[in-house]
>>> print(open('run_39.pdb').read())   # PDB, C-alpha atoms
ATOM      1  CA  MET A   4      94.199 103.701  80.386  1.00  0.00           C
ATOM      2  CA  LYS A   5      92.538 100.359  81.009  1.00  0.00           C
ATOM      3  CA  PHE A   6      93.549  97.392  83.190  1.00  0.00           C
ATOM      4  CA  ALA A   7      92.200  93.867  82.926  1.00  0.00           C
ATOM      5  CA  VAL A   8      92.531  92.061  86.254  1.00  0.00           C
ATOM      6  CA  GLY A   9      92.440  88.270  86.186  1.00  0.00           C
ATOM      7  CA  SER A  10      90.013  88.064  89.104  1.00  0.00           C
ATOM      8  CA  GLN A  11      86.681  89.422  90.201  1.00  0.00           C
ATOM      9  CA  ASN A  12      87.787  89.520  93.836  1.00  0.00           C
ATOM     10  CA  PRO A  13      86.829  93.040  94.990  1.00  0.00           C
ATOM     11  CA  SER A  14      90.039  93.519  96.989  1.00  0.00           C
ATOM     12  CA  LYS A  15      92.228  92.669  93.976  1.00  0.00           C
ATOM     13  CA  VAL A  16      90.226  94.938  91.658  1.00  0.00           C
ATOM     14  CA  ALA A  17      90.383  97.726  94.270  1.00  0.00           C
ATOM     15  CA  CYS A  18      94.159  97.297  94.533  1.00  0.00           C
ATOM     16  CA  ALA A  19      94.517  97.693  90.752  1.00  0.00           C
ATOM     17  CA  GLN A  20      92.268 100.776  90.860  1.00  0.00           C
ATOM     18  CA  LEU A  21      94.279 102.325  93.697  1.00  0.00           C
ATOM     19  CA  ILE A  22      97.635 101.838  91.993  1.00  0.00           C
ATOM     20  CA  GLY A  23      96.322 102.664  88.519  1.00  0.00           C
ATOM     21  CA  ASN A  24      94.999 105.999  89.739  1.00  0.00           C
ATOM     22  CA  ARG A  25      98.301 106.697  91.493  1.00  0.00           C
ATOM     23  CA  LEU A  26     100.446 105.890  88.445  1.00  0.00           C
ATOM     24  CA  PHE A  27      98.249 107.093  85.599  1.00  0.00           C
ATOM     25  CA  ASP A  28      95.842 109.595  87.222  1.00  0.00           C
ATOM     26  CA  SER A  29      92.782 107.740  85.996  1.00  0.00           C
ATOM     27  CA  VAL A  30      92.290 104.144  84.974  1.00  0.00           C
ATOM     28  CA  ASP A  31      89.367 101.929  84.072  1.00  0.00           C
ATOM     29  CA  VAL A  32      89.707  98.552  85.813  1.00  0.00           C
ATOM     30  CA  ILE A  33      87.829  95.483  84.631  1.00  0.00           C
ATOM     31  CA  GLY A  34      87.903  92.315  86.723  1.00  0.00           C
ATOM     32  CA  VAL A  35      87.387  89.100  84.755  1.00  0.00           C
ATOM     33  CA  SER A  36      87.146  85.523  85.925  1.00  0.00           C
ATOM     34  CA  VAL A  37      90.016  83.483  84.472  1.00  0.00           C
ATOM     35  CA  SER A  38      91.777  80.284  85.414  1.00  0.00           C
ATOM     36  CA  SER A  39      95.212  80.386  86.989  1.00  0.00           C
ATOM     37  CA  SER A  40      95.900  76.773  85.943  1.00  0.00           C
ATOM     38  CA  VAL A  41      97.621  76.179  89.278  1.00  0.00           C
ATOM     39  CA  ALA A  42      96.367  74.783  92.585  1.00  0.00           C
ATOM     40  CA  ASP A  43      93.666  76.760  94.386  1.00  0.00           C
ATOM     41  CA  GLN A  44      96.177  77.227  97.217  1.00  0.00           C
ATOM     42  CA  PRO A  45      99.654  77.314  95.611  1.00  0.00           C
ATOM     43  CA  SER A  46     102.410  75.955  97.839  1.00  0.00           C
ATOM     44  CA  CYS A  47     105.539  77.627  96.451  1.00  0.00           C
ATOM     45  CA  ASP A  48     106.669  80.887  94.890  1.00  0.00           C
ATOM     46  CA  GLU A  49     107.128  79.341  91.446  1.00  0.00           C
ATOM     47  CA  GLU A  50     103.538  78.102  91.361  1.00  0.00           C
ATOM     48  CA  CYS A  51     102.223  81.491  92.521  1.00  0.00           C
ATOM     49  CA  ILE A  52     104.197  83.325  89.845  1.00  0.00           C
ATOM     50  CA  GLU A  53     102.987  80.895  87.177  1.00  0.00           C
ATOM     51  CA  GLY A  54      99.387  81.408  88.300  1.00  0.00           C
ATOM     52  CA  ALA A  55      99.765  85.200  88.320  1.00  0.00           C
ATOM     53  CA  ILE A  56     101.288  85.161  84.812  1.00  0.00           C
ATOM     54  CA  ASN A  57      98.447  82.962  83.556  1.00  0.00           C
ATOM     55  CA  ARG A  58      95.841  85.263  85.093  1.00  0.00           C
ATOM     56  CA  ALA A  59      97.454  88.412  83.666  1.00  0.00           C
ATOM     57  CA  ARG A  60      97.754  87.013  80.143  1.00  0.00           C
ATOM     58  CA  ARG A  61      94.247  85.555  80.111  1.00  0.00           C
ATOM     59  CA  ALA A  62      92.723  88.767  81.456  1.00  0.00           C
ATOM     60  CA  LEU A  63      94.472  90.757  78.721  1.00  0.00           C
ATOM     61  CA  GLU A  64      93.086  88.334  76.108  1.00  0.00           C
ATOM     62  CA  ARG A  65      89.550  88.709  77.492  1.00  0.00           C
ATOM     63  CA  VAL A  66      89.509  92.522  77.581  1.00  0.00           C
ATOM     64  CA  GLU A  67      90.607  93.418  74.060  1.00  0.00           C
ATOM     65  CA  ASP A  68      91.079  97.144  74.649  1.00  0.00           C
ATOM     66  CA  ALA A  69      93.008  96.816  77.919  1.00  0.00           C
ATOM     67  CA  ASP A  70      96.512  98.259  78.036  1.00  0.00           C
ATOM     68  CA  TYR A  71      97.709  95.930  80.790  1.00  0.00           C
ATOM     69  CA  GLY A  72      96.728  92.562  82.180  1.00  0.00           C
ATOM     70  CA  ILE A  73      97.208  92.042  85.902  1.00  0.00           C
ATOM     71  CA  GLY A  74      97.371  88.726  87.718  1.00  0.00           C
ATOM     72  CA  MET A  75      97.503  88.263  91.481  1.00  0.00           C
ATOM     73  CA  GLU A  76      98.070  84.872  93.072  1.00  0.00           C
ATOM     74  CA  GLY A  77      98.418  84.199  96.788  1.00  0.00           C
ATOM     75  CA  GLY A  78     100.014  81.130  98.241  1.00  0.00           C
ATOM     76  CA  PHE A  79     102.053  79.729 101.073  1.00  0.00           C
ATOM     77  CA  HIS A  80     105.763  79.113 101.226  1.00  0.00           C
ATOM     78  CA  ARG A  81     107.893  77.096 103.632  1.00  0.00           C
ATOM     79  CA  ILE A  82     111.034  78.659 105.002  1.00  0.00           C
ATOM     80  CA  GLY A  83     112.686  76.243 107.379  1.00  0.00           C
ATOM     81  CA  ASP A  84     110.038  74.953 109.774  1.00  0.00           C
ATOM     82  CA  ARG A  85     107.828  78.023 109.364  1.00  0.00           C
ATOM     83  CA  VAL A  86     105.121  78.742 106.794  1.00  0.00           C
ATOM     84  CA  PHE A  87     104.487  82.142 105.239  1.00  0.00           C
ATOM     85  CA  GLU A  88     101.734  83.573 103.052  1.00  0.00           C
ATOM     86  CA  SER A  89     102.285  86.167 100.329  1.00  0.00           C
ATOM     87  CA  GLY A  90     100.846  87.304  97.042  1.00  0.00           C
ATOM     88  CA  TRP A  91     102.659  87.424  93.718  1.00  0.00           C
ATOM     89  CA  ILE A  92     101.585  90.072  91.236  1.00  0.00           C
ATOM     90  CA  VAL A  93     102.271  90.178  87.488  1.00  0.00           C
ATOM     91  CA  VAL A  94     101.697  92.926  84.931  1.00  0.00           C
ATOM     92  CA  VAL A  95     101.717  92.096  81.201  1.00  0.00           C
ATOM     93  CA  ASP A  96     101.417  94.575  78.340  1.00  0.00           C
ATOM     94  CA  ARG A  97     100.264  94.061  74.747  1.00  0.00           C
ATOM     95  CA  ASN A  98     103.860  93.472  73.606  1.00  0.00           C
ATOM     96  CA  GLY A  99     104.266  90.580  76.039  1.00  0.00           C
ATOM     97  CA  LYS A 100     106.530  92.469  78.435  1.00  0.00           C
ATOM     98  CA  ILE A 101     106.188  91.182  81.994  1.00  0.00           C
ATOM     99  CA  GLY A 102     106.773  92.802  85.383  1.00  0.00           C
ATOM    100  CA  ILE A 103     106.675  90.790  88.602  1.00  0.00           C
ATOM    101  CA  GLY A 104     106.371  91.875  92.236  1.00  0.00           C
ATOM    102  CA  SER A 105     105.190  90.439  95.516  1.00  0.00           C
ATOM    103  CA  SER A 106     103.483  91.486  98.683  1.00  0.00           C
ATOM    104  CA  ALA A 107     105.184  91.262 102.030  1.00  0.00           C
ATOM    105  CA  ARG A 108     105.153  87.838 103.656  1.00  0.00           C
ATOM    106  CA  MET A 109     103.461  87.047 106.917  1.00  0.00           C
ATOM    107  CA  GLU A 110     103.802  83.946 109.011  1.00  0.00           C
ATOM    108  CA  LEU A 111     100.868  81.577 109.247  1.00  0.00           C
ATOM    109  CA  SER A 112     100.141  80.160 112.656  1.00  0.00           C
ATOM    110  CA  ARG A 113     100.440  76.412 113.131  1.00  0.00           C
ATOM    111  CA  ARG A 114      96.687  76.321 113.789  1.00  0.00           C
ATOM    112  CA  VAL A 115      95.860  78.028 110.485  1.00  0.00           C
ATOM    113  CA  PHE A 116      98.340  75.975 108.491  1.00  0.00           C
ATOM    114  CA  ALA A 117      97.095  72.716 110.017  1.00  0.00           C
ATOM    115  CA  ARG A 118      93.625  73.466 108.624  1.00  0.00           C
ATOM    116  CA  MET A 119      95.149  74.297 105.230  1.00  0.00           C
ATOM    117  CA  GLN A 120      96.945  70.945 105.219  1.00  0.00           C
ATOM    118  CA  GLU A 121      93.515  69.350 105.552  1.00  0.00           C
ATOM    119  CA  GLY A 122      92.651  70.848 102.162  1.00  0.00           C
ATOM    120  CA  LEU A 123      91.126  74.231 103.040  1.00  0.00           C
ATOM    121  CA  GLU A 124      92.235  77.446 101.347  1.00  0.00           C
ATOM    122  CA  LEU A 125      93.383  80.270 103.617  1.00  0.00           C
ATOM    123  CA  GLY A 126      90.184  82.208 102.879  1.00  0.00           C
ATOM    124  CA  ALA A 127      88.032  79.298 104.038  1.00  0.00           C
ATOM    125  CA  VAL A 128      90.102  78.902 107.206  1.00  0.00           C
ATOM    126  CA  THR A 129      89.789  82.624 107.896  1.00  0.00           C
ATOM    127  CA  ASP A 130      86.025  82.501 107.370  1.00  0.00           C
ATOM    128  CA  GLU A 131      85.806  79.479 109.662  1.00  0.00           C
ATOM    129  CA  LEU A 132      87.831  81.115 112.445  1.00  0.00           C
ATOM    130  CA  THR A 133      85.963  84.435 112.300  1.00  0.00           C
ATOM    131  CA  GLY A 134      82.485  83.055 111.676  1.00  0.00           C
ATOM    132  CA  ARG A 135      82.203  85.434 108.705  1.00  0.00           C
ATOM    133  CA  LYS A 136      81.919  84.850 104.976  1.00  0.00           C
ATOM    134  CA  GLY A 137      84.099  86.392 102.281  1.00  0.00           C
ATOM    135  CA  VAL A 138      86.943  87.762 104.406  1.00  0.00           C
ATOM    136  CA  ALA A 139      89.324  87.187 101.447  1.00  0.00           C
ATOM    137  CA  GLN A 140      87.207  89.579  99.368  1.00  0.00           C
ATOM    138  CA  GLN A 141      87.432  92.191 102.112  1.00  0.00           C
ATOM    139  CA  GLU A 142      90.389  92.861 104.425  1.00  0.00           C
ATOM    140  CA  GLY A 143      91.751  89.349 104.012  1.00  0.00           C
ATOM    141  CA  TYR A 144      93.897  87.394 106.413  1.00  0.00           C
ATOM    142  CA  MET A 145      96.481  90.184 106.189  1.00  0.00           C
ATOM    143  CA  GLY A 146      94.016  92.733 107.471  1.00  0.00           C
ATOM    144  CA  LEU A 147      92.775  90.470 110.244  1.00  0.00           C
ATOM    145  CA  ILE A 148      96.181  89.699 111.725  1.00  0.00           C
ATOM    146  CA  THR A 149      97.231  93.390 111.602  1.00  0.00           C
ATOM    147  CA  LEU A 150      93.953  94.565 113.177  1.00  0.00           C
ATOM    148  CA  GLY A 151      93.047  96.334 109.938  1.00  0.00           C
ATOM    149  CA  HIS A 152      96.311  98.259 109.615  1.00  0.00           C
ATOM    150  CA  VAL A 153      97.349  96.387 106.443  1.00  0.00           C
ATOM    151  CA  PRO A 154      94.247  95.212 104.582  1.00  0.00           C
ATOM    152  CA  ARG A 155      94.703  93.046 101.496  1.00  0.00           C
ATOM    153  CA  VAL A 156      94.291  96.012  99.124  1.00  0.00           C
ATOM    154  CA  GLU A 157      97.268  97.757 100.700  1.00  0.00           C
ATOM    155  CA  ALA A 158      99.315  94.588 101.196  1.00  0.00           C
ATOM    156  CA  TYR A 159      99.085  93.775  97.487  1.00  0.00           C
ATOM    157  CA  SER A 160      99.600  97.395  96.405  1.00  0.00           C
ATOM    158  CA  HIS A 161     103.365  97.332  96.970  1.00  0.00           C
ATOM    159  CA  GLY A 162     103.673  94.182  94.893  1.00  0.00           C
ATOM    160  CA  LEU A 163     101.678  95.788  92.089  1.00  0.00           C
ATOM    161  CA  LEU A 164     103.905  98.857  92.148  1.00  0.00           C
ATOM    162  CA  PHE A 165     106.984  96.610  91.912  1.00  0.00           C
ATOM    163  CA  ALA A 166     105.370  94.710  89.034  1.00  0.00           C
ATOM    164  CA  PHE A 167     104.828  98.015  87.205  1.00  0.00           C
ATOM    165  CA  ALA A 168     108.477  99.063  87.765  1.00  0.00           C
ATOM    166  CA  PRO A 169     109.750  97.815  84.354  1.00  0.00           C
ATOM    167  CA  PHE A 170     107.040  99.868  82.654  1.00  0.00           C
ATOM    168  CA  ILE A 171     107.420 103.132  84.562  1.00  0.00           C
ATOM    169  CA  SER A 172     111.051 103.420  85.660  1.00  0.00           C
ATOM    170  CA  ASP A 173     114.134 104.463  83.735  1.00  0.00           C
ATOM    171  CA  PRO A 174     115.010 101.768  81.153  1.00  0.00           C
ATOM    172  CA  MET A 175     118.623 101.772  82.366  1.00  0.00           C
ATOM    173  CA  PHE A 176     117.482  99.552  85.225  1.00  0.00           C
ATOM    174  CA  TRP A 177     116.102  96.941  82.815  1.00  0.00           C
ATOM    175  CA  GLU A 178     118.766  96.746  80.088  1.00  0.00           C
TER     176      GLU A 178
END
>>> encode(input="run_39.pdb", output="structure tokens")
Amino acid sequence: MKFAVGSQNPSKVACAQLIGNRLFDSVDVIGVSVSSSVADQPSCDEECIEGAINRARRALERVEDADYGIGMEGGFHRIGDRVFESGWIVVVDRNGKIGIGSSARMELSRRVFARMQEGLELGAVTDELTGRKGVAQQEGYMGLITLGHVPRVEAYSHGLLFAFAPFISDPMFWE
């Protein structure tokens, strides 16, 4: 079994490896750099889903012997006067079948969102606040605000499992 992930972000590739090994015992995961064709920091669920679909399809095109393409796209979403971050995950197979899932949502602080409104991506804001580089490729914002209890790999893993649901569950749920 082989997965093509539409990103070279180590946490996204690790998430695909974790879930692939759980679902299929052993999987080869290849991360490839592809365009999402959406904003670097999507600002609604629809844009995140579109970006994840684009990443999944393009990854599958790039890795010719992959069984599934996987796209993961994080973004923020307004609900009332609050702002939340989540990741949308898409799985596409060679027949064009699509499964979609999402991570849990977490609220962004006003301080963090204010910096994002100035044009910074969440990863850049997180790096700025921590004085570190590449937090998004490690535990991510999710891991930081949960004190490491829910690192990005785990936060995205539930969404990936939900995205695989149409491929692994009883077809009666999808008719």
>>> resolve_selection(input="run_39.pdb", expression="the PyMOL selection byres ((chain A and resi 129-133) around 12)", output="list in words")
Leu111, Ser112, Arg114, Val115, Phe116, Arg118, Met119, Leu123, Glu124, Leu125, Gly126, Ala127, Val128, Gly134, Arg135, Lys136, Gly137, Val138, Ala139, Gln140, Gln141, Glu142, Gly143, Tyr144, Met145, Gly146, Leu147 and Ile148 of chain A
>>> closest_residue(input="run_39.pdb", among="A:Ala17, A:Ala107, A:Ala158, A:Met4", to="Tyr71 (chain A)", atoms="only C-alpha atoms")
A:Met4
>>> resolve_selection(input="run_39.pdb", expression="the PyMOL selection byres ((chain A and resi 94) around 9)", output="short mmCIF file (atom, residue, chain, number, x, y, z; two decimals) with C-alpha atoms, in the coordinates of the input")
data_model
loop_
_atom_site.label_atom_id
_atom_site.label_comp_id
_atom_site.auth_asym_id
_atom_site.auth_seq_id
_atom_site.Cartn_x
_atom_site.Cartn_y
_atom_site.Cartn_z
CA ALA A 55 99.76 85.20 88.32
CA ILE A 56 101.29 85.16 84.81
CA ALA A 59 97.45 88.41 83.67
CA ARG A 60 97.75 87.01 80.14
CA TYR A 71 97.71 95.93 80.79
CA GLY A 72 96.73 92.56 82.18
CA ILE A 73 97.21 92.04 85.90
CA GLY A 74 97.37 88.73 87.72
CA ILE A 92 101.58 90.07 91.24
CA VAL A 93 102.27 90.18 87.49
CA VAL A 95 101.72 92.10 81.20
CA ASP A 96 101.42 94.58 78.34
CA LYS A 100 106.53 92.47 78.44
CA ILE A 101 106.19 91.18 81.99
CA GLY A 102 106.77 92.80 85.38
CA ILE A 103 106.68 90.79 88.60
CA GLY A 104 106.37 91.88 92.24
CA LEU A 163 101.68 95.79 92.09
CA ALA A 166 105.37 94.71 89.03
CA PHE A 167 104.83 98.02 87.20
#
>>> closest_residue(input="run_39.pdb", among="A:His80, A:Lys5, A:Trp177, A:Ser10", to="Gly23 (chain A)", atoms="only C-alpha atoms")
A:Lys5
>>> resolve_selection(input="run_39.pdb", expression="the PyMOL selection byres ((chain A and resi 51) around 8)", output="ChimeraX atom specification")
/A:41,45-50,52-55,76-78,90-91
>>> closest_residue(input="run_39.pdb", among="A:Arg58, A:Lys15, A:Glu121, A:Tyr159", to="Glu88 (chain A)", atoms="all atoms listed in the file")
A:Tyr159
>>> atom_distance(input="run_39.pdb", atom1="CA of Gly34 (chain A)", atom2="CA of Gly9 (chain A)")
6.1 Å
>>> atom_distance(input="run_39.pdb", atom1="CA of Ala42 (chain A)", atom2="CA of Arg81 (chain A)")
16.1 Å
>>> atom_distance(input="run_39.pdb", atom1="CA of Val153 (chain A)", atom2="CA of Phe6 (chain A)")
23.6 Å
>>> axis_aligned_box(input="run_39.pdb", around="region 63-80 of chain A", padding_each_side="3 Å", output="AutoDock Vina command-line options")
--center_x 97.6 --center_y 88.7 --center_z 87.6 --size_x 22.3 --size_y 25.1 --size_z 33.2
>>> closest_residue(input="run_39.pdb", among="A:Ser29, A:Asn24, A:Gln11, A:Asn57", to="Ser160 (chain A)", atoms="all atoms listed in the file")
A:Asn24
>>> closest_residue(input="run_39.pdb", among="A:Val16, A:Val8, A:Gln120, A:Ile22", to="Val66 (chain A)", atoms="all atoms listed in the file")
A:Val8
